[in-house]
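What follows is the content of upload31.txt (compact mmCIF, C-alpha atoms).
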# COMPACT_ATOMS: atom_id res chain seq x y z
CA MET A 1 86.83 67.40 103.84
CA ARG A 2 84.31 68.65 101.29
CA TRP A 3 81.75 69.58 103.95
CA MET A 4 84.43 71.50 105.82
CA LEU A 5 85.28 73.45 102.67
CA LEU A 6 81.61 74.23 102.07
CA LEU A 7 81.22 75.37 105.67
CA PHE A 8 84.25 77.64 105.37
CA MET A 9 82.91 79.14 102.16
CA SER A 10 79.48 79.72 103.67
CA LEU A 11 81.07 81.55 106.59
CA SER A 12 83.40 83.59 104.37
CA LEU A 13 81.01 84.72 101.64
CA PRO A 14 78.82 87.00 103.76
CA ALA A 15 81.89 88.71 105.15
CA LEU A 16 83.33 89.22 101.69
CA ALA A 17 79.98 90.54 100.45
CA ASP A 18 80.24 93.32 103.04
CA LEU A 19 83.53 94.53 101.56
CA ASP A 20 81.94 97.08 99.24
CA TYR A 21 83.53 100.50 98.86
CA SER A 22 80.29 101.89 97.40
CA LEU A 23 82.19 104.57 95.52
CA LYS A 24 79.98 107.44 94.38
CA PRO A 25 81.59 109.80 91.86
CA ARG A 26 80.79 113.48 92.38
CA GLN A 27 81.22 115.93 89.53
CA ILE A 28 83.29 118.92 90.62
CA ALA A 29 83.97 120.58 87.25
CA GLU A 30 83.41 120.04 83.56
CA ASP A 31 84.33 116.41 82.71
CA THR A 32 85.88 116.05 86.18
CA TRP A 33 84.82 113.61 88.90
CA LEU A 34 85.94 113.07 92.48
CA LEU A 35 85.81 109.97 94.69
CA GLU A 36 86.17 111.48 98.14
CA GLY A 37 87.55 109.37 100.98
CA SER A 38 87.24 109.63 104.73
CA THR A 39 89.57 111.86 106.73
CA ASP A 40 89.89 109.12 109.36
CA ASN A 41 92.87 106.82 109.78
CA PHE A 42 93.17 103.42 108.10
CA ALA A 43 90.66 101.01 109.65
CA LYS A 44 88.76 97.85 108.84
CA ALA A 45 85.58 99.93 108.95
CA ASN A 46 86.68 102.03 105.95
CA GLY A 47 88.85 99.53 104.09
CA GLY A 48 91.61 102.11 103.78
CA ASN A 49 89.38 104.45 101.79
CA ILE A 50 90.85 107.62 103.29
CA VAL A 51 92.06 109.11 100.01
CA ASN A 52 90.72 111.33 97.26
CA THR A 53 90.97 109.84 93.79
CA SER A 54 89.69 111.45 90.60
CA PHE A 55 89.10 110.98 86.91
CA ILE A 56 88.72 113.26 83.90
CA VAL A 57 86.57 112.24 80.93
CA THR A 58 88.40 113.65 77.90
CA GLU A 59 87.64 113.41 74.19
CA LEU A 60 90.15 110.59 73.88
CA GLY A 61 89.13 108.66 77.00
CA VAL A 62 89.38 108.70 80.78
CA VAL A 63 92.45 109.85 82.69
CA VAL A 64 92.60 108.46 86.24
CA ILE A 65 94.41 110.27 89.04
CA ASP A 66 95.51 107.79 91.74
CA THR A 67 94.04 104.30 92.12
CA GLY A 68 93.33 103.91 95.83
CA PRO A 69 94.44 101.55 98.61
CA SER A 70 93.68 98.06 97.27
CA LYS A 71 92.92 95.92 94.26
CA ARG A 72 89.28 95.87 95.40
CA TYR A 73 89.21 99.68 95.45
CA GLY A 74 90.71 99.87 91.96
CA GLU A 75 88.07 97.48 90.66
CA ALA A 76 85.34 99.53 92.35
CA MET A 77 86.81 102.66 90.81
CA ARG A 78 86.57 101.18 87.33
CA LYS A 79 82.91 100.34 87.95
CA ALA A 80 82.32 103.87 89.17
CA ILE A 81 83.91 105.26 86.02
CA ALA A 82 81.77 102.96 83.86
CA SER A 83 78.67 104.32 85.61
CA ILE A 84 79.55 107.79 84.29
CA THR A 85 80.94 107.13 80.80
CA ASP A 86 81.42 104.36 78.28
CA LYS A 87 84.73 105.86 77.17
CA PRO A 88 87.77 103.69 77.92
CA VAL A 89 90.37 104.47 80.54
CA ILE A 90 93.47 105.56 78.62
CA GLU A 91 96.01 106.40 81.33
CA VAL A 92 96.63 106.52 85.08
CA LEU A 93 98.63 109.33 86.70
CA LEU A 94 100.01 108.66 90.19
CA THR A 95 100.71 111.61 92.48
CA HIS A 96 103.15 109.71 94.73
CA HIS A 97 104.03 106.25 96.04
CA HIS A 98 102.11 105.99 99.31
CA PRO A 99 99.91 102.88 99.50
CA ASP A 100 96.51 104.55 99.76
CA HIS A 101 97.17 106.17 96.36
CA VAL A 102 98.70 103.31 94.34
CA LEU A 103 97.64 99.86 95.52
CA GLY A 104 94.64 99.88 93.20
CA ASN A 105 97.03 99.72 90.23
CA GLN A 106 96.17 96.05 89.59
CA ALA A 107 92.81 97.12 88.20
CA PHE A 108 94.52 99.28 85.57
CA THR A 109 97.23 97.06 84.13
CA ASP A 110 95.63 97.31 80.68
CA VAL A 111 96.64 100.98 80.36
CA PRO A 112 99.84 102.98 80.93
CA ILE A 113 100.41 103.85 84.59
CA GLY A 114 102.46 107.02 84.78
CA ALA A 115 104.53 108.39 87.66
CA LEU A 116 107.63 110.46 88.32
CA ALA A 117 110.85 108.43 88.23
CA GLY A 118 111.34 108.99 91.97
CA THR A 119 107.85 107.69 92.70
CA THR A 120 108.54 104.47 90.83
CA GLU A 121 111.82 103.99 92.69
CA LEU A 122 110.23 104.62 96.09
CA LEU A 123 107.38 102.24 95.33
CA HIS A 124 109.90 99.61 94.25
CA GLN A 125 111.80 100.05 97.52
CA GLN A 126 108.89 100.36 99.94
CA GLY A 127 105.80 98.98 98.21
CA ASP A 128 105.78 95.45 99.61
CA ALA A 129 106.29 96.63 103.19
CA MET A 130 103.56 99.26 102.84
CA ALA A 131 101.15 96.69 101.41
CA GLU A 132 101.87 94.30 104.27
CA ASN A 133 101.15 97.07 106.74
CA LEU A 134 97.79 97.77 105.10
CA TYR A 135 96.95 94.06 105.25
CA ARG A 136 97.43 94.32 109.01
CA LEU A 137 95.37 97.50 109.30
CA VAL A 138 92.37 96.75 107.10
CA GLY A 139 92.36 92.97 106.75
CA ASP A 140 90.21 91.32 104.10
CA TRP A 141 89.78 94.50 102.07
CA MET A 142 93.32 93.88 100.85
CA ARG A 143 92.82 90.30 99.62
CA GLY A 144 94.70 89.69 96.39
CA THR A 145 96.38 93.10 96.43
CA GLU A 146 99.93 93.19 95.11
CA VAL A 147 102.25 96.04 94.21
CA VAL A 148 102.15 97.00 90.53
CA LEU A 149 104.87 99.43 89.49
CA PRO A 150 104.26 102.33 87.07
CA THR A 151 104.95 101.58 83.43
CA ARG A 152 105.49 105.14 82.17
CA THR A 153 107.90 107.76 83.48
CA LEU A 154 106.37 111.22 83.68
CA THR A 155 108.33 114.44 83.34
CA PRO A 156 107.20 117.97 84.16
CA GLY A 157 105.45 119.76 81.33
CA VAL A 158 102.09 119.73 79.55
CA ARG A 159 100.40 116.52 78.43
CA SER A 160 97.37 116.86 76.16
CA PHE A 161 94.49 114.44 76.40
CA GLY A 162 92.01 115.54 73.76
CA ASP A 163 90.64 118.90 74.86
CA HIS A 164 92.29 118.77 78.29
CA ASP A 165 95.84 120.05 78.62
CA LEU A 166 97.26 118.77 81.89
CA ARG A 167 100.23 120.60 83.36
CA LEU A 168 102.41 118.17 85.29
CA LEU A 169 104.56 119.57 88.09
CA GLY A 170 107.38 117.61 89.69
CA LEU A 171 107.69 118.63 93.35
CA GLY A 172 108.93 116.90 96.50
CA GLY A 173 107.78 118.30 99.84
CA HIS A 174 105.67 115.33 100.88
CA THR A 175 107.75 112.34 99.72
CA GLY A 176 110.64 113.72 97.69
CA ALA A 177 108.79 112.81 94.47
CA ASP A 178 105.35 114.41 94.28
CA LEU A 179 103.29 115.03 91.15
CA ALA A 180 100.76 117.85 91.07
CA ILE A 181 98.44 118.17 88.08
CA LEU A 182 96.71 121.33 86.85
CA ASP A 183 93.97 120.89 84.28
CA GLN A 184 94.43 124.05 82.24
CA LYS A 185 90.93 123.74 80.77
CA THR A 186 89.03 123.70 84.06
CA GLY A 187 91.56 125.11 86.51
CA VAL A 188 91.23 122.07 88.78
CA LEU A 189 94.46 121.47 90.67
CA PHE A 190 95.04 117.89 91.78
CA ALA A 191 97.54 118.49 94.55
CA GLY A 192 97.96 114.94 95.84
CA ASP A 193 99.32 114.83 99.37
CA LEU A 194 101.14 118.12 98.97
CA VAL A 195 97.86 119.46 100.33
CA PHE A 196 95.93 118.05 103.28
CA TYR A 197 92.82 119.97 104.29
CA GLN A 198 91.01 119.58 107.63
CA ARG A 199 93.12 116.46 108.12
CA ALA A 200 96.60 116.48 109.68
CA LEU A 201 99.42 115.99 107.19
CA THR A 202 101.70 112.95 107.18
CA THR A 203 105.48 113.09 106.90
CA PRO A 204 106.99 109.69 105.95
CA ASN A 205 109.74 110.39 103.40
CA SER A 206 109.26 114.15 103.64
CA PRO A 207 112.48 116.17 103.21
CA GLY A 208 110.99 118.61 105.70
CA PRO A 209 108.82 121.72 106.08
CA ALA A 210 111.14 124.07 104.17
CA VAL A 211 110.82 122.11 100.92
CA TRP A 212 107.11 121.56 101.49
CA LEU A 213 106.46 125.26 102.10
CA ALA A 214 108.24 126.10 98.83
CA ASP A 215 105.97 123.64 97.03
CA ILE A 216 102.88 125.24 98.59
CA ALA A 217 104.03 128.61 97.26
CA THR A 218 104.47 127.10 93.79
CA LEU A 219 100.99 125.56 93.81
CA GLN A 220 99.38 128.66 95.20
CA GLY A 221 100.82 130.70 92.34
CA LEU A 222 99.14 128.58 89.67
CA PRO A 223 95.93 129.72 87.89
CA TRP A 224 93.72 127.23 89.75
CA THR A 225 89.98 127.43 90.38
CA LEU A 226 89.53 124.35 92.60
CA ILE A 227 91.99 122.45 94.77
CA VAL A 228 91.64 118.69 95.16
CA PRO A 229 93.77 117.73 98.18
CA GLY A 230 95.04 114.22 98.70
CA HIS A 231 92.93 114.10 101.86
CA GLY A 232 90.05 116.32 102.85
CA PRO A 233 87.37 118.41 101.14
CA VAL A 234 87.80 120.23 97.85
CA GLY A 235 88.77 123.88 98.26
CA SER A 236 87.65 126.84 96.17
CA ASP A 237 89.61 129.53 98.02
CA GLN A 238 93.02 130.04 99.64
CA GLN A 239 92.11 128.29 102.89
CA PRO A 240 93.70 124.88 102.13
CA PHE A 241 97.01 126.59 101.30
CA GLU A 242 96.80 128.90 104.28
CA GLN A 243 96.10 125.98 106.63
CA MET A 244 99.03 124.01 105.20
CA ARG A 245 101.41 126.98 105.48
CA ASP A 246 100.27 127.74 109.02
CA TYR A 247 100.68 124.14 110.16
CA LEU A 248 104.05 123.54 108.49
CA THR A 249 105.45 126.80 109.86
CA TRP A 250 104.26 125.90 113.37
CA LEU A 251 105.64 122.35 113.10
CA ASP A 252 109.01 123.61 111.91
CA GLN A 253 109.30 126.18 114.69
CA LEU A 254 108.13 123.68 117.31
CA MET A 255 110.92 121.27 116.43
CA ARG A 256 113.54 124.01 116.06
CA ASP A 257 112.72 125.27 119.53
CA GLY A 258 112.64 121.76 120.96
CA ALA A 259 116.04 120.89 119.55
CA ALA A 260 117.53 124.20 120.74
CA ASN A 261 116.16 123.57 124.25
CA GLY A 262 117.41 119.98 124.34
CA SER A 263 113.91 118.48 124.53
CA ASP A 264 113.71 114.75 123.94
CA MET A 265 111.24 113.03 121.64
CA ALA A 266 108.93 112.05 124.49
CA GLU A 267 108.59 115.70 125.46
CA MET A 268 108.00 116.75 121.86
CA ILE A 269 105.09 114.38 121.24
CA ARG A 270 103.34 115.86 124.28
CA SER A 271 103.64 119.39 122.92
CA LEU A 272 100.60 121.62 123.14
CA ILE A 273 98.73 121.76 119.85
CA PRO A 274 97.42 125.27 119.10
CA GLU A 275 93.68 125.58 119.38
CA ARG A 276 93.37 126.49 115.70
CA PHE A 277 94.63 122.99 114.80
CA THR A 278 92.68 120.92 117.33
CA GLY A 279 89.71 120.63 114.99
CA ILE A 280 91.87 119.06 112.28
CA THR A 281 91.35 115.29 112.15
CA LEU A 282 94.17 113.17 113.66
CA SER A 283 96.19 116.20 114.77
CA ARG A 284 97.69 114.49 117.87
CA TYR A 285 98.25 111.17 116.10
CA GLU A 286 100.09 112.80 113.20
CA LEU A 287 102.12 115.07 115.49
CA ILE A 288 103.49 111.95 117.17
CA ARG A 289 104.38 110.46 113.79
CA SER A 290 105.90 113.70 112.49
CA VAL A 291 108.12 114.01 115.55
CA SER A 292 109.35 110.46 115.04
CA HIS A 293 110.01 111.09 111.34
CA LEU A 294 111.53 114.56 111.45
CA TYR A 295 112.80 115.48 114.92
CA PRO A 296 116.09 113.54 114.76
CA ARG A 297 117.19 115.84 111.92
CA TYR A 298 116.54 118.90 114.05
CA GLU A 299 118.47 117.32 116.91
CA ARG A 300 121.42 116.55 114.62
CA GLY A 301 121.36 120.16 113.47
CA GLN A 302 122.11 121.26 117.04
CA MET A 303 125.09 118.95 117.44
CA THR A 304 128.63 120.32 117.24
CA ARG A 305 131.24 118.18 115.52
CA VAL A 306 133.93 117.18 118.01
CA ASP A 307 136.71 117.52 115.44
CA SER A 308 135.49 121.00 114.43
CA ALA A 309 135.40 122.14 118.06
CA ALA A 310 138.93 120.84 118.62
CA ASP A 311 140.29 122.77 115.62
CA LYS A 312 139.22 126.15 117.01

As structure tokens, the full file:
Amino acid sequence: MRWMLLLFMSLSLPALADLDYSLKPRQIAEDTWLLEGSTDNFAKANGGNIVNTSFIVTELGVVVIDTGPSKRYGEAMRKAIASITDKPVIEVLLTHHHPDHVLGNQAFTDVPIGALAGTTELLHQQGDAMAENLYRLVGDWMRGTEVVLPTRTLTPGVRSFGDHDLRLLGLGGHTGADLAILDQKTGVLFAGDLVFYQRALTTPNSPGPAVWLADIATLQGLPWTLIVPGHGPVGSDQQPFEQMRDYLTWLDQLMRDGAANGSDMAEMIRSLIPERFTGITLSRYELIRSVSHLYPRYERGQMTRVDSAADK
């Protein structure tokens, strides 16, 4: 039995050694660092590293924004932070509950992990299922990963961390509970998944385009200098907002028209994608998902209540 165990270990160790996120922090503003993920879909090749996470080195210590898709990622993130500063991590701020943003929480259980109340509730309800799905999608990268719930409830307002005053905004277009963070010292806006740029947006839990478009208007009106989207490259101009508004408006009208015309879901997922969106990563894949998430609401909106019709 011992030789079998040794053989298994010898076969497993090289594979595990390849599971290295190789996170390379990039400074994008004063005291502010970005770990930029791929705009691809979840895959074993990327270990689920499709997300932007960030950290701010303040006078008091390091504030982390989102922890990534796995325990292994969270641990790699802490090493990346240590390569930049010897200041301790003092708090984590989570933008929302989706797994690619929160399943690195295990690496930060020694500090407060803050989130909106709705984010904590959604992670409590859906976290285990989302983690299991990532295990299926990315395999060994997820070894040992378990859901760790936030330990601090965040409310909108300004939180000061040394010389950095962070304005916390409670919004909801992406999941119903979405935190955006504006660093009032640098003007860097951490938009979470309220903003996707050059990567098609995702809609699980979204209350719909109308709420999301209102959130985009709110963010756009802030005194930002740089936009860190949840997915995609950092923006220094209006283009990320304009792309989001354009796409959400098109998606909303597409489904309104489909429901009014009596189109079924199979027809909707084959809809023509405008040429201006075809260069956005995963545009067809995410259209299929968005139709499955959102279209039934549009269809219900076209239905006439039988009892109401009878009363007329």

Kindly indicate which residue among A:Ser263, A:Asn49, A:Gln198, A:Ser83 lies nearest to Leu19 of chain A, using all atoms listed in the file for the distances. A:Asn49

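Between Thr151 of chain A and the candidates A:Pro207, A:Pro112, A:Gly301, A:Pro88, the tightest atom-to-atom separation, counting only C-alpha atoms, involves A:Pro112.
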
Can you tell me which residues surround Ser283 of chain A at a distance of at most 12 Å, considering all atoms listed in the file, apart from same-chain residues fewer than 4 positions away, and format the answer as a PyMOL selection string? chain A and resi 39-41+196-202+247+251+269-279+287-290

In the coordinates of the file, take the point (101.6, 121.5, 82.1) and a cut-off of 9 Å; then, counting all atoms listed in the file, name each qualifying protein, DNA or RNA residue as JSON, numbers by chain. {"A": [156, 157, 158, 159, 160, 165, 166, 167, 168, 169, 181, 182, 183, 184]}

Write a file of the just-selected residues containing C-alpha atoms, as a PDB file, in the coordinates of the input.
ATOM      1  CA  PRO A 156     107.200 117.970  84.160  1.00  0.00           C
ATOM      2  CA  GLY A 157     105.450 119.760  81.330  1.00  0.00           C
ATOM      3  CA  VAL A 158     102.090 119.730  79.550  1.00  0.00           C
ATOM      4  CA  ARG A 159     100.400 116.520  78.430  1.00  0.00           C
ATOM      5  CA  SER A 160      97.370 116.860  76.160  1.00  0.00           C
ATOM      6  CA  ASP A 165      95.840 120.050  78.620  1.00  0.00           C
ATOM      7  CA  LEU A 166      97.260 118.770  81.890  1.00  0.00           C
ATOM      8  CA  ARG A 167     100.230 120.600  83.360  1.00  0.00           C
ATOM      9  CA  LEU A 168     102.410 118.170  85.290  1.00  0.00           C
ATOM     10  CA  LEU A 169     104.560 119.570  88.090  1.00  0.00           C
ATOM     11  CA  ILE A 181      98.440 118.170  88.080  1.00  0.00           C
ATOM     12  CA  LEU A 182      96.710 121.330  86.850  1.00  0.00           C
ATOM     13  CA  ASP A 183      93.970 120.890  84.280  1.00  0.00           C
ATOM     14  CA  GLN A 184      94.430 124.050  82.240  1.00  0.00           C
TER      15      GLN A 184
END

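One finds atom CA of Leu134 of chain A at 26.2 Å from atom CA of Met265 of chain A.
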
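With all atoms listed in the file as the atoms that count, the residue of A:Ile56, A:Asn46, A:Ser38, A:His293 with the shortest distance to Gly162 of chain A is A:Ile56.
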
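Our summary of the geometry notes that atom CA of Tyr285 of chain A is positioned 25.1 Å from atom CA of Tyr21 of chain A.
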
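These residues, each with an atom at most 12 Å from (85.4, 118.1, 100.3) using all atoms listed in the file, are Arg26, Gln27, Ile28, Leu34, Leu35, Glu36, Gly37, Ser38, Thr39, Val51, Asn52, Thr53, Phe196, Tyr197, Gln198, Arg199, Leu226, Ile227, Val228, Pro229, Gly230, His231, Gly232, Pro233, Val234, Gly235, Ser236 and Pro240 of chain A.
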
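Proximity ranking of A:Thr119, A:Asn205, A:Gln239, A:Thr85 relative to Gln220 of chain A places A:Gln239 first, based on all atoms listed in the file.
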
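Using all atoms listed in the file, the contacts of Arg78 of chain A at a cut-off of 9 Å, with sequence neighbours closer than 5 positions omitted, comprise Tyr73, Ser83, Val89, Ala107 and Phe108 of chain A.
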
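Proximity to Met130 of chain A was assessed for A:Met77, A:Leu103, A:Ile50, A:Ala259 counting all atoms listed in the file; the smallest distance is recorded for A:Leu103.
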
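Atom CA of Glu299 of chain A sits 22.4 Å away from atom CA of Asp246 of chain A.
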
Smallest atom-to-atom distance to Asp20 of chain A: which of A:His124, A:Arg72, A:Lys79, A:His101, using all atoms listed in the file? A:Arg72

Close residues, Trp224 of chain A itself excluded, 7 Å, all atoms listed in the file, min 6 positions apart in chain, as a ChimeraX atom specification: /A:187-189

Which neighbours of Asp178 of chain A fall inside 8 Å, counting all atoms listed in the file, when residues of the same chain fewer than 5 positions from it are skipped, and could you give them as a VMD selection string? chain A and resid 95 to 96 116 119 170 to 173 192 to 194

Please write out, as JSON, where the centre of an axis-aligned box around all listed atoms of segment 279-285 of chain A lies and how long its edges are, in Å to one decimal, after adding 5 Å on each side.
{"center_x": 94.0, "center_y": 115.9, "center_z": 115.0, "size_x": 18.5, "size_y": 19.5, "size_z": 15.7}

From the coordinates I just gave you, please extract segment 46-61 of chain A so that only N, CA and C atoms remain, then output it as an mmCIF file, in the first residue's frame.
data_model
loop_
_atom_site.group_PDB
_atom_site.id
_atom_site.type_symbol
_atom_site.label_atom_id
_atom_site.label_comp_id
_atom_site.auth_asym_id
_atom_site.auth_seq_id
_atom_site.Cartn_x
_atom_site.Cartn_y
_atom_site.Cartn_z
ATOM 1 N N ASN A 46 -6.872 28.464 -17.357
ATOM 2 C CA ASN A 46 -6.664 29.715 -16.621
ATOM 3 C C ASN A 46 -7.002 29.618 -15.140
ATOM 4 N N GLY A 47 -7.472 28.466 -14.696
ATOM 5 C CA GLY A 47 -7.759 28.285 -13.280
ATOM 6 C C GLY A 47 -8.868 29.175 -12.757
ATOM 7 N N GLY A 48 -9.688 29.703 -13.654
ATOM 8 C CA GLY A 48 -10.748 30.609 -13.224
ATOM 9 C C GLY A 48 -10.289 32.039 -13.045
ATOM 10 N N ASN A 49 -9.037 32.333 -13.424
ATOM 11 C CA ASN A 49 -8.523 33.688 -13.266
ATOM 12 C C ASN A 49 -8.995 34.560 -14.418
ATOM 13 N N ILE A 50 -10.275 34.924 -14.365
ATOM 14 C CA ILE A 50 -10.892 35.749 -15.407
ATOM 15 C C ILE A 50 -11.353 37.085 -14.823
ATOM 16 N N VAL A 51 -10.858 37.430 -13.663
ATOM 17 C CA VAL A 51 -11.403 38.539 -12.882
ATOM 18 C C VAL A 51 -10.305 39.552 -12.579
ATOM 19 N N ASN A 52 -10.709 40.809 -12.432
ATOM 20 C CA ASN A 52 -9.789 41.832 -11.944
ATOM 21 C C ASN A 52 -9.937 41.964 -10.433
ATOM 22 N N THR A 53 -8.848 41.809 -9.722
ATOM 23 C CA THR A 53 -8.813 42.101 -8.296
ATOM 24 C C THR A 53 -7.800 43.224 -8.085
ATOM 25 N N SER A 54 -7.875 43.883 -6.937
ATOM 26 C CA SER A 54 -7.029 45.052 -6.714
ATOM 27 C C SER A 54 -6.665 45.165 -5.247
ATOM 28 N N PHE A 55 -5.672 46.013 -4.977
ATOM 29 C CA PHE A 55 -5.378 46.362 -3.589
ATOM 30 C C PHE A 55 -4.797 47.766 -3.526
ATOM 31 N N ILE A 56 -5.074 48.423 -2.394
ATOM 32 C CA ILE A 56 -4.612 49.785 -2.139
ATOM 33 C C ILE A 56 -3.723 49.753 -0.908
ATOM 34 N N VAL A 57 -2.523 50.284 -1.021
ATOM 35 C CA VAL A 57 -1.588 50.332 0.098
ATOM 36 C C VAL A 57 -1.764 51.682 0.794
ATOM 37 N N THR A 58 -2.479 51.678 1.924
ATOM 38 C CA THR A 58 -2.744 52.915 2.655
ATOM 39 C C THR A 58 -1.747 53.071 3.800
ATOM 40 N N GLU A 59 -1.845 54.208 4.480
ATOM 41 C CA GLU A 59 -0.973 54.443 5.632
ATOM 42 C C GLU A 59 -1.182 53.390 6.710
ATOM 43 N N LEU A 60 -2.431 52.942 6.853
ATOM 44 C CA LEU A 60 -2.753 51.995 7.919
ATOM 45 C C LEU A 60 -2.476 50.543 7.536
ATOM 46 N N GLY A 61 -2.468 50.254 6.243
ATOM 47 C CA GLY A 61 -2.297 48.883 5.775
ATOM 48 C C GLY A 61 -2.968 48.713 4.427
#
